[in-house]
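Engineer: Sharing query_9.tsv, TSV, C-alpha atoms and all ligand atoms:
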chain	number	residue	atom	x	y	z
A	2	MET	CA	8.11	-11.57	0.88
A	3	VAL	CA	5.53	-8.82	1.18
A	4	ALA	CA	2.67	-11.31	1.55
A	5	ARG	CA	4.59	-13.12	4.29
A	6	ALA	CA	5.28	-9.82	6.05
A	7	VAL	CA	1.58	-8.87	5.90
A	8	ARG	CA	0.55	-12.24	7.32
A	9	GLN	CA	3.05	-11.88	10.15
A	10	ASN	CA	1.97	-8.31	10.84
A	11	PRO	CA	-1.50	-7.43	9.51
A	12	ARG	CA	-0.82	-3.78	10.43
A	13	LEU	CA	2.26	-3.64	8.20
A	14	VAL	CA	3.39	-0.21	6.98
A	15	LEU	CA	4.52	-0.54	3.36
A	16	GLY	CA	6.47	1.85	1.18
A	17	LEU	CA	5.39	1.37	-2.44
A	18	PRO	CA	6.81	2.25	-5.86
A	19	THR	CA	5.25	3.09	-9.20
A	20	GLY	CA	6.64	2.44	-12.67
A	21	ARG	CA	6.63	-0.45	-15.07
A	22	THR	CA	8.76	-2.78	-12.99
A	23	PRO	CA	6.35	-3.27	-10.06
A	24	GLU	CA	3.29	-4.03	-12.20
A	25	SER	CA	3.79	-7.80	-11.97
A	26	PHE	CA	4.41	-7.46	-8.22
A	27	TYR	CA	1.05	-5.71	-7.84
A	28	HIS	CA	-0.65	-8.31	-10.04
A	29	ALA	CA	0.72	-11.02	-7.76
A	30	LEU	CA	-0.61	-9.26	-4.65
A	31	VAL	CA	-4.04	-8.91	-6.30
A	32	ARG	CA	-4.02	-12.62	-7.24
A	33	MET	CA	-3.19	-13.62	-3.67
A	34	HIS	CA	-5.90	-11.34	-2.32
A	35	ARG	CA	-8.47	-12.83	-4.73
A	36	ARG	CA	-7.60	-16.33	-3.62
A	37	GLY	CA	-8.39	-15.23	-0.11
A	38	ARG	CA	-4.80	-15.46	0.98
A	39	LEU	CA	-3.98	-11.85	1.61
A	40	ASP	CA	-5.88	-9.33	3.70
A	41	PHE	CA	-4.98	-5.66	3.28
A	42	GLY	CA	-7.68	-4.47	5.69
A	43	ARG	CA	-5.27	-3.03	8.24
A	44	VAL	CA	-2.22	-2.44	6.01
A	45	THR	CA	-0.96	1.13	5.61
A	46	THR	CA	0.85	2.27	2.46
A	47	PHE	CA	3.03	5.26	1.67
A	48	ASN	CA	4.11	5.79	-1.92
A	49	LEU	CA	7.59	6.99	-2.70
A	50	ASP	CA	6.64	9.96	-4.82
A	51	GLU	CA	4.08	11.91	-6.82
A	52	PHE	CA	4.21	14.43	-9.66
A	53	THR	CA	3.45	18.05	-8.83
A	54	GLY	CA	1.10	20.21	-10.84
A	55	LEU	CA	-1.47	17.50	-11.58
A	56	ALA	CA	-4.96	17.59	-10.10
A	57	ALA	CA	-5.57	15.00	-7.36
A	58	ASP	CA	-7.83	13.01	-9.70
A	59	ASP	CA	-5.60	13.27	-12.80
A	60	PRO	CA	-5.44	9.80	-14.42
A	61	ARG	CA	-1.71	10.32	-15.08
A	62	SER	CA	-0.89	10.78	-11.41
A	63	TYR	CA	0.77	8.08	-9.35
A	64	ARG	CA	-2.31	8.08	-7.11
A	65	ALA	CA	-4.35	7.03	-10.15
A	66	TYR	CA	-1.70	4.44	-11.09
A	67	MET	CA	-1.92	2.91	-7.60
A	68	HIS	CA	-5.68	2.69	-7.84
A	69	ARG	CA	-5.41	1.02	-11.27
A	70	VAL	CA	-2.88	-1.61	-10.25
A	71	LEU	CA	-3.81	-2.31	-6.62
A	72	GLY	CA	-6.38	-0.13	-4.85
A	73	ALA	CA	-9.27	-1.05	-7.14
A	74	PHE	CA	-8.79	-4.78	-6.50
A	75	VAL	CA	-7.85	-5.27	-2.85
A	76	ASN	CA	-9.37	-4.29	0.49
A	77	LEU	CA	-6.93	-1.48	1.30
A	78	SER	CA	-8.69	1.18	3.34
A	79	THR	CA	-8.51	4.51	1.47
A	80	SER	CA	-7.72	6.25	4.77
A	81	ARG	CA	-4.54	4.14	5.03
A	82	VAL	CA	-3.33	4.77	1.46
A	83	HIS	CA	-0.94	7.70	1.35
A	84	LEU	CA	0.84	9.55	-1.43
A	85	PRO	CA	2.30	13.03	-1.36
A	86	ASP	CA	-0.32	15.49	-2.61
A	87	GLY	CA	1.24	16.85	-5.78
A	88	SER	CA	-1.56	19.40	-6.12
A	89	ALA	CA	-0.72	21.09	-2.77
A	90	SER	CA	0.03	24.78	-3.19
A	91	ASP	CA	2.56	24.86	-0.33
A	92	TRP	CA	4.91	21.97	-1.06
A	93	GLN	CA	7.02	22.47	2.06
A	94	ARG	CA	3.99	22.12	4.24
A	95	GLU	CA	2.85	19.08	2.26
A	96	ALA	CA	6.30	17.49	2.62
A	97	ARG	CA	6.20	18.00	6.41
A	98	ARG	CA	2.68	16.60	6.57
A	99	TYR	CA	3.79	13.51	4.65
A	100	ASP	CA	6.83	12.90	6.85
A	101	ASN	CA	4.75	13.37	10.01
A	102	ALA	CA	2.21	10.84	8.75
A	103	ILE	CA	5.00	8.31	8.16
A	104	VAL	CA	6.42	8.92	11.64
A	105	ARG	CA	2.95	8.63	13.23
A	106	ALA	CA	2.46	5.29	11.45
A	107	GLY	CA	5.69	4.09	13.09
A	108	GLY	CA	7.93	4.36	10.01
A	109	LEU	CA	8.08	1.97	7.07
A	110	ASP	CA	8.30	-1.73	7.86
A	111	VAL	CA	9.02	-2.76	4.29
A	112	ALA	CA	9.90	-0.32	1.50
A	113	VAL	CA	9.53	-1.82	-1.97
A	114	ILE	CA	11.39	0.34	-4.45
A	115	GLY	CA	12.43	0.43	-8.09
A	116	ILE	CA	15.60	1.86	-9.54
A	117	GLY	CA	15.88	4.38	-12.34
A	118	ALA	CA	18.39	3.74	-15.10
A	119	ASN	CA	20.29	6.69	-13.59
A	120	GLY	CA	20.32	5.07	-10.13
A	121	HIS	CA	17.52	7.09	-8.58
A	122	ILE	CA	15.31	5.60	-5.87
A	123	GLY	CA	11.99	7.28	-5.39
A	124	PHE	CA	12.83	10.50	-7.22
A	125	ASN	CA	16.07	10.98	-5.32
A	126	GLU	CA	18.04	11.86	-8.43
A	127	PRO	CA	21.85	11.56	-8.66
A	128	ALA	CA	23.38	14.64	-7.02
A	129	PRO	CA	26.37	15.78	-4.95
A	130	ALA	CA	24.10	15.63	-1.89
A	131	LEU	CA	20.72	14.08	-1.14
A	132	GLU	CA	17.79	15.16	1.01
A	133	ALA	CA	16.81	12.98	3.96
A	134	ALA	CA	13.16	14.04	4.18
A	135	THR	CA	10.32	14.49	1.70
A	136	HIS	CA	11.16	17.29	-0.71
A	137	LEU	CA	10.48	18.89	-4.07
A	138	VAL	CA	12.61	17.49	-6.90
A	139	ARG	CA	13.30	18.83	-10.33
A	140	LEU	CA	13.10	15.75	-12.52
A	141	ARG	CA	16.08	14.89	-14.67
A	142	PRO	CA	15.36	14.68	-18.43
A	143	GLU	CA	15.93	10.90	-18.37
A	144	SER	CA	13.32	10.53	-15.60
A	145	ARG	CA	10.80	12.54	-17.60
A	146	ARG	CA	11.52	10.36	-20.63
A	147	ALA	CA	11.09	7.21	-18.53
A	148	ASN	CA	7.65	8.42	-17.42
A	149	ALA	CA	6.47	9.52	-20.85
A	150	TYR	CA	4.42	6.32	-21.18
A	151	LEU	CA	1.97	7.80	-18.66
A	152	PHE	CA	1.69	10.99	-20.75
A	153	GLY	CA	0.89	9.70	-24.23
A	154	GLY	CA	4.56	9.04	-24.96
A	155	ARG	CA	5.44	12.75	-24.73
A	156	PRO	CA	8.29	13.54	-22.31
A	157	GLN	CA	7.55	17.27	-22.52
A	158	GLN	CA	4.10	16.59	-21.04
A	159	VAL	CA	5.63	14.96	-17.95
A	160	PRO	CA	5.61	17.40	-15.03
A	161	THR	CA	8.96	19.07	-14.39
A	162	HIS	CA	8.80	18.45	-10.64
A	163	ALA	CA	7.75	15.82	-8.16
A	164	LEU	CA	7.52	15.38	-4.41
A	165	SER	CA	9.68	12.49	-3.28
A	166	MET	CA	10.24	10.68	-0.06
A	167	GLY	CA	13.80	11.42	1.06
A	168	ILE	CA	16.69	9.02	1.23
A	169	GLY	CA	16.55	9.09	5.05
A	170	THR	CA	13.00	7.76	5.15
A	171	ILE	CA	13.85	5.00	2.67
A	172	LEU	CA	16.99	3.98	4.58
A	173	ARG	CA	15.10	3.93	7.90
A	174	ALA	CA	12.67	1.33	6.53
A	175	ARG	CA	13.19	-1.89	8.48
A	176	THR	CA	13.54	-3.83	5.25
A	177	VAL	CA	14.10	-2.51	1.74
A	178	VAL	CA	13.24	-4.63	-1.31
A	179	LEU	CA	14.70	-3.34	-4.56
A	180	LEU	CA	13.02	-4.57	-7.75
A	181	ALA	CA	14.75	-4.43	-11.12
A	182	THR	CA	14.03	-6.19	-14.37
A	183	GLY	CA	15.36	-6.06	-17.90
A	184	GLN	CA	18.66	-5.51	-19.59
A	185	ALA	CA	18.29	-1.72	-19.47
A	186	LYS	CA	18.85	-1.91	-15.70
A	187	ALA	CA	21.83	-4.29	-15.75
A	188	ALA	CA	24.57	-1.65	-15.73
A	189	ILE	CA	23.01	0.51	-13.01
A	190	VAL	CA	22.17	-2.51	-10.84
A	191	ALA	CA	25.81	-3.58	-10.98
A	192	ARG	CA	27.00	-0.06	-10.11
A	193	ALA	CA	24.48	0.30	-7.30
A	194	LEU	CA	25.16	-3.07	-5.70
A	195	THR	CA	28.88	-3.46	-6.28
A	196	GLY	CA	30.25	0.01	-7.04
A	197	PRO	CA	31.24	2.76	-4.61
A	198	VAL	CA	28.61	4.10	-2.19
A	199	THR	CA	27.85	7.52	-3.58
A	200	THR	CA	24.99	10.01	-3.81
A	201	ARG	CA	25.75	10.03	-7.57
A	202	VAL	CA	24.10	6.60	-7.57
A	203	PRO	CA	21.42	7.00	-4.88
A	204	ALA	CA	20.59	3.26	-4.89
A	205	SER	CA	24.20	2.51	-3.86
A	206	LEU	CA	23.32	3.78	-0.36
A	207	LEU	CA	21.37	0.53	0.06
A	208	GLN	CA	24.74	-1.19	0.45
A	209	VAL	CA	24.90	0.19	4.00
A	210	HIS	CA	21.35	-0.92	4.90
A	211	ARG	CA	21.08	-3.75	7.42
A	212	SER	CA	18.25	-5.50	5.65
A	213	ALA	CA	18.10	-4.74	1.94
A	214	VAL	CA	17.23	-7.35	-0.65
A	215	ALA	CA	17.53	-7.00	-4.43
A	216	VAL	CA	15.00	-8.99	-6.46
A	217	LEU	CA	16.27	-9.16	-10.04
A	218	ASP	CA	15.46	-11.06	-13.18
A	219	ARG	CA	18.36	-12.60	-15.08
A	220	SER	CA	18.66	-9.66	-17.48
A	221	ALA	CA	18.88	-7.06	-14.72
A	222	ALA	CA	21.39	-9.25	-12.85
A	223	ALA	CA	23.61	-9.76	-15.91
A	224	GLY	CA	26.10	-7.05	-14.92
A	225	LEU	CA	26.65	-8.61	-11.49
A	226	ALA	CA	28.25	-11.72	-12.93
A	227	ALA	CA	30.53	-9.46	-15.01
A	228	ALA	CA	31.38	-7.34	-11.94
A	229	ALA	CA	32.24	-10.49	-9.95
A	230	THR	CA	34.46	-11.77	-12.78
A	231	ASP	CA	36.21	-8.39	-13.14
A	232	SER	CA	37.07	-8.20	-9.47
A	233	ALA	CA	38.15	-11.87	-9.28
A	301	LIG	P1	10.48	1.72	-13.99
A	301	LIG	O1	10.85	2.90	-12.99
A	301	LIG	O2	10.01	0.58	-13.15
A	301	LIG	O3	9.40	2.27	-14.85
A	301	LIG	O4	11.74	1.39	-14.73
A	301	LIG	C1	11.67	2.61	-11.91
A	301	LIG	C2	12.08	3.88	-11.22
A	301	LIG	O5	12.32	4.89	-11.92
A	301	LIG	O6	12.21	3.88	-10.00
Would you mind writing the file out in C-alpha cells?
Structural biologist:
Amino acid sequence: MVARAVRQNPRLVLGLPTGRTPESFYHALVRMHRRGRLDFGRVTTFNLDEFTGLAADDPRSYRAYMHRVLGAFVNLSTSRVHLPDGSASDWQREARRYDNAIVRAGGLDVAVIGIGANGHIGFNEPAPALEAATHLVRLRPESRRANAYLFGGRPQQVPTHALSMGIGTILRARTVVLLATGQAKAAIVARALTGPVTTRVPASLLQVHRSAVAVLDRSAAAGLAAAATDSA
C-alpha cells in the first residue's frame, strides 16, 4: 500500500512508526527500493514519537532506529526525514516546531502506525483526555517495559518521557494504516476495532476515521473472530 502510494505521488508525506512490529514492513520497503522499484528521493517522513533526554546521536533513539531499518538503505533525503528532537531543552517550542513542519509539508498523506498492548498509538497513552498536537508524554510503565529491548533489556533505563505526535495529527492523516502482529496484540486489537470509541483505548478513535486500514496477522486478528461470534 505504501509503495503504491509513493508511486502515485512521489512527494508523499508519510507518518512512520518504530517498534518491533514495523521491522518487516521496513525490510519490504528496502527490498523494493533495491530492486529499483521504489524511489524515496522526494518522499517526506515524520515519525510518530521520540524519547526525551537522549542525545541526538544516541543509538537507542528512534532516530537511530529509523536509520538502522530504513534510512541507511534507501534514498530518503535527510532533509526530508523528521522526528521530534528529544534532546531539545524547550519541549514546548520543539513540539510547535514539529507541528508547523507537518503543516508546511501539507499534513500526512499516509500514517503507518503500531498499537501498544495498552491501546496507545504513537505515545498517546490511555487517558481520560488526549492531546491533539505534539506534546510531552510521561510513559506508562508498560510502554517502558515494551521498549526495554532498545535499552539492554532494562525498563528502568528507558527514558521516562517522550515527545509524541498528537491524536489530532494522526487522525488528520488522509489514510491511516495500523499494523499489528502476534497474539499479545489480539485482545487490544479487538477492543480498538470493535469496542467503544474511547480515549482509554486511543487506537479506538480510528473507528471514526474515513480511511483507516488495519493490517493484521492471524494471531493479532484472533480476537476479532471471537468478538464477531460474541455479538452474533
Ligand atoms: P511494538 O510497538 O511494535 O514494539 O509492539 C508498537 C507500539 O507500541 O506502538
Engineer: For Gly20 of chain A, find every residue with an atom within 10 Å (counting only C-alpha atoms), except residues of its own chain fewer than 2 positions away, and show them as an mmCIF file with C-alpha atoms, in the frame of the given file.
Structural biologist:
data_model
loop_
_atom_site.group_PDB
_atom_site.id
_atom_site.type_symbol
_atom_site.label_atom_id
_atom_site.label_comp_id
_atom_site.auth_asym_id
_atom_site.auth_seq_id
_atom_site.Cartn_x
_atom_site.Cartn_y
_atom_site.Cartn_z
ATOM 1 C CA PRO A 18 6.810 2.250 -5.860
ATOM 2 C CA THR A 22 8.760 -2.780 -12.990
ATOM 3 C CA PRO A 23 6.350 -3.270 -10.060
ATOM 4 C CA GLU A 24 3.290 -4.030 -12.200
ATOM 5 C CA TYR A 63 0.770 8.080 -9.350
ATOM 6 C CA TYR A 66 -1.700 4.440 -11.090
ATOM 7 C CA MET A 67 -1.920 2.910 -7.600
ATOM 8 C CA ILE A 114 11.390 0.340 -4.450
ATOM 9 C CA GLY A 115 12.430 0.430 -8.090
ATOM 10 C CA ILE A 116 15.600 1.860 -9.540
ATOM 11 C CA GLY A 117 15.880 4.380 -12.340
ATOM 12 C CA ALA A 147 11.090 7.210 -18.530
ATOM 13 C CA ASN A 148 7.650 8.420 -17.420
ATOM 14 C CA TYR A 150 4.420 6.320 -21.180
ATOM 15 C CA LEU A 151 1.970 7.800 -18.660
#
Engineer: Report, as AutoDock Vina command-line options, the centre and edge lengths in Å (one decimal) of the axis-aligned box enclosing every listed atom of segment 165-172 of chain A, padded by 6 Å on each side.
Structural biologist:
--center_x 13.3 --center_y 8.2 --center_z 0.9 --size_x 19.3 --size_y 20.5 --size_z 20.4
Engineer: Using all atoms listed in the file, which residue out of A:Ser62, A:Asn119, A:Asn125, A:Ser165 lies closest to Gln93 of chain A?
Structural biologist: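 Once distances to Gln93 of chain A are computed over all atoms listed in the file, the minimum belongs to A:Ser165.
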Engineer: Using all atoms listed in the file, which of A:Ala118, A:Val75, A:Ala226, A:Val7 sits nearest ligand LIG 301 (chain A)?
Structural biologist: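 The closest residue to ligand LIG 301 (chain A) is A:Ala118.
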Engineer: Within 6 Å of (12.2, 14.4, -0.3) (file coordinates; all atoms listed in the file), which protein or nucleic acid residues are there? I'd like them as a ChimeraX atom specification.
Structural biologist: /A:132,134-136,165-167
Engineer: Given the selection you just returned, output its residues as a file containing C-alpha atoms, formatted as a PDB file, in the frame of the given file.
Structural biologist:
ATOM      1  CA  GLU A 132      17.790  15.160   1.010  1.00  0.00           C
ATOM      2  CA  ALA A 134      13.160  14.040   4.180  1.00  0.00           C
ATOM      3  CA  THR A 135      10.320  14.490   1.700  1.00  0.00           C
ATOM      4  CA  HIS A 136      11.160  17.290  -0.710  1.00  0.00           C
ATOM      5  CA  SER A 165       9.680  12.490  -3.280  1.00  0.00           C
ATOM      6  CA  MET A 166      10.240  10.680  -0.060  1.00  0.00           C
ATOM      7  CA  GLY A 167      13.800  11.420   1.060  1.00  0.00           C
TER       8      GLY A 167
END
Engineer: At a cut-off of 7 Å, using all atoms listed in the file, what residues contact segment 204-214 of chain A? Leave out same-chain residues fewer than 4 positions from it and give the result as a PyMOL selection string.
Structural biologist: chain A and resi 116+120-122+172+175-179+193-194+198-199
Engineer: To one decimal place, how far is atom CA of Leu30 of chain A from atom CA of Leu225 of chain A in Å?
Structural biologist: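 Separation of atom CA of Leu30 of chain A and atom CA of Leu225 of chain A: 28.1 Å.
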Engineer: Have a look at atom CA of His68 of chain A and atom CA of Leu164 of chain A and let me know their distance in Å, one decimal.
Structural biologist: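 These two atoms are separated by 18.6 Å.
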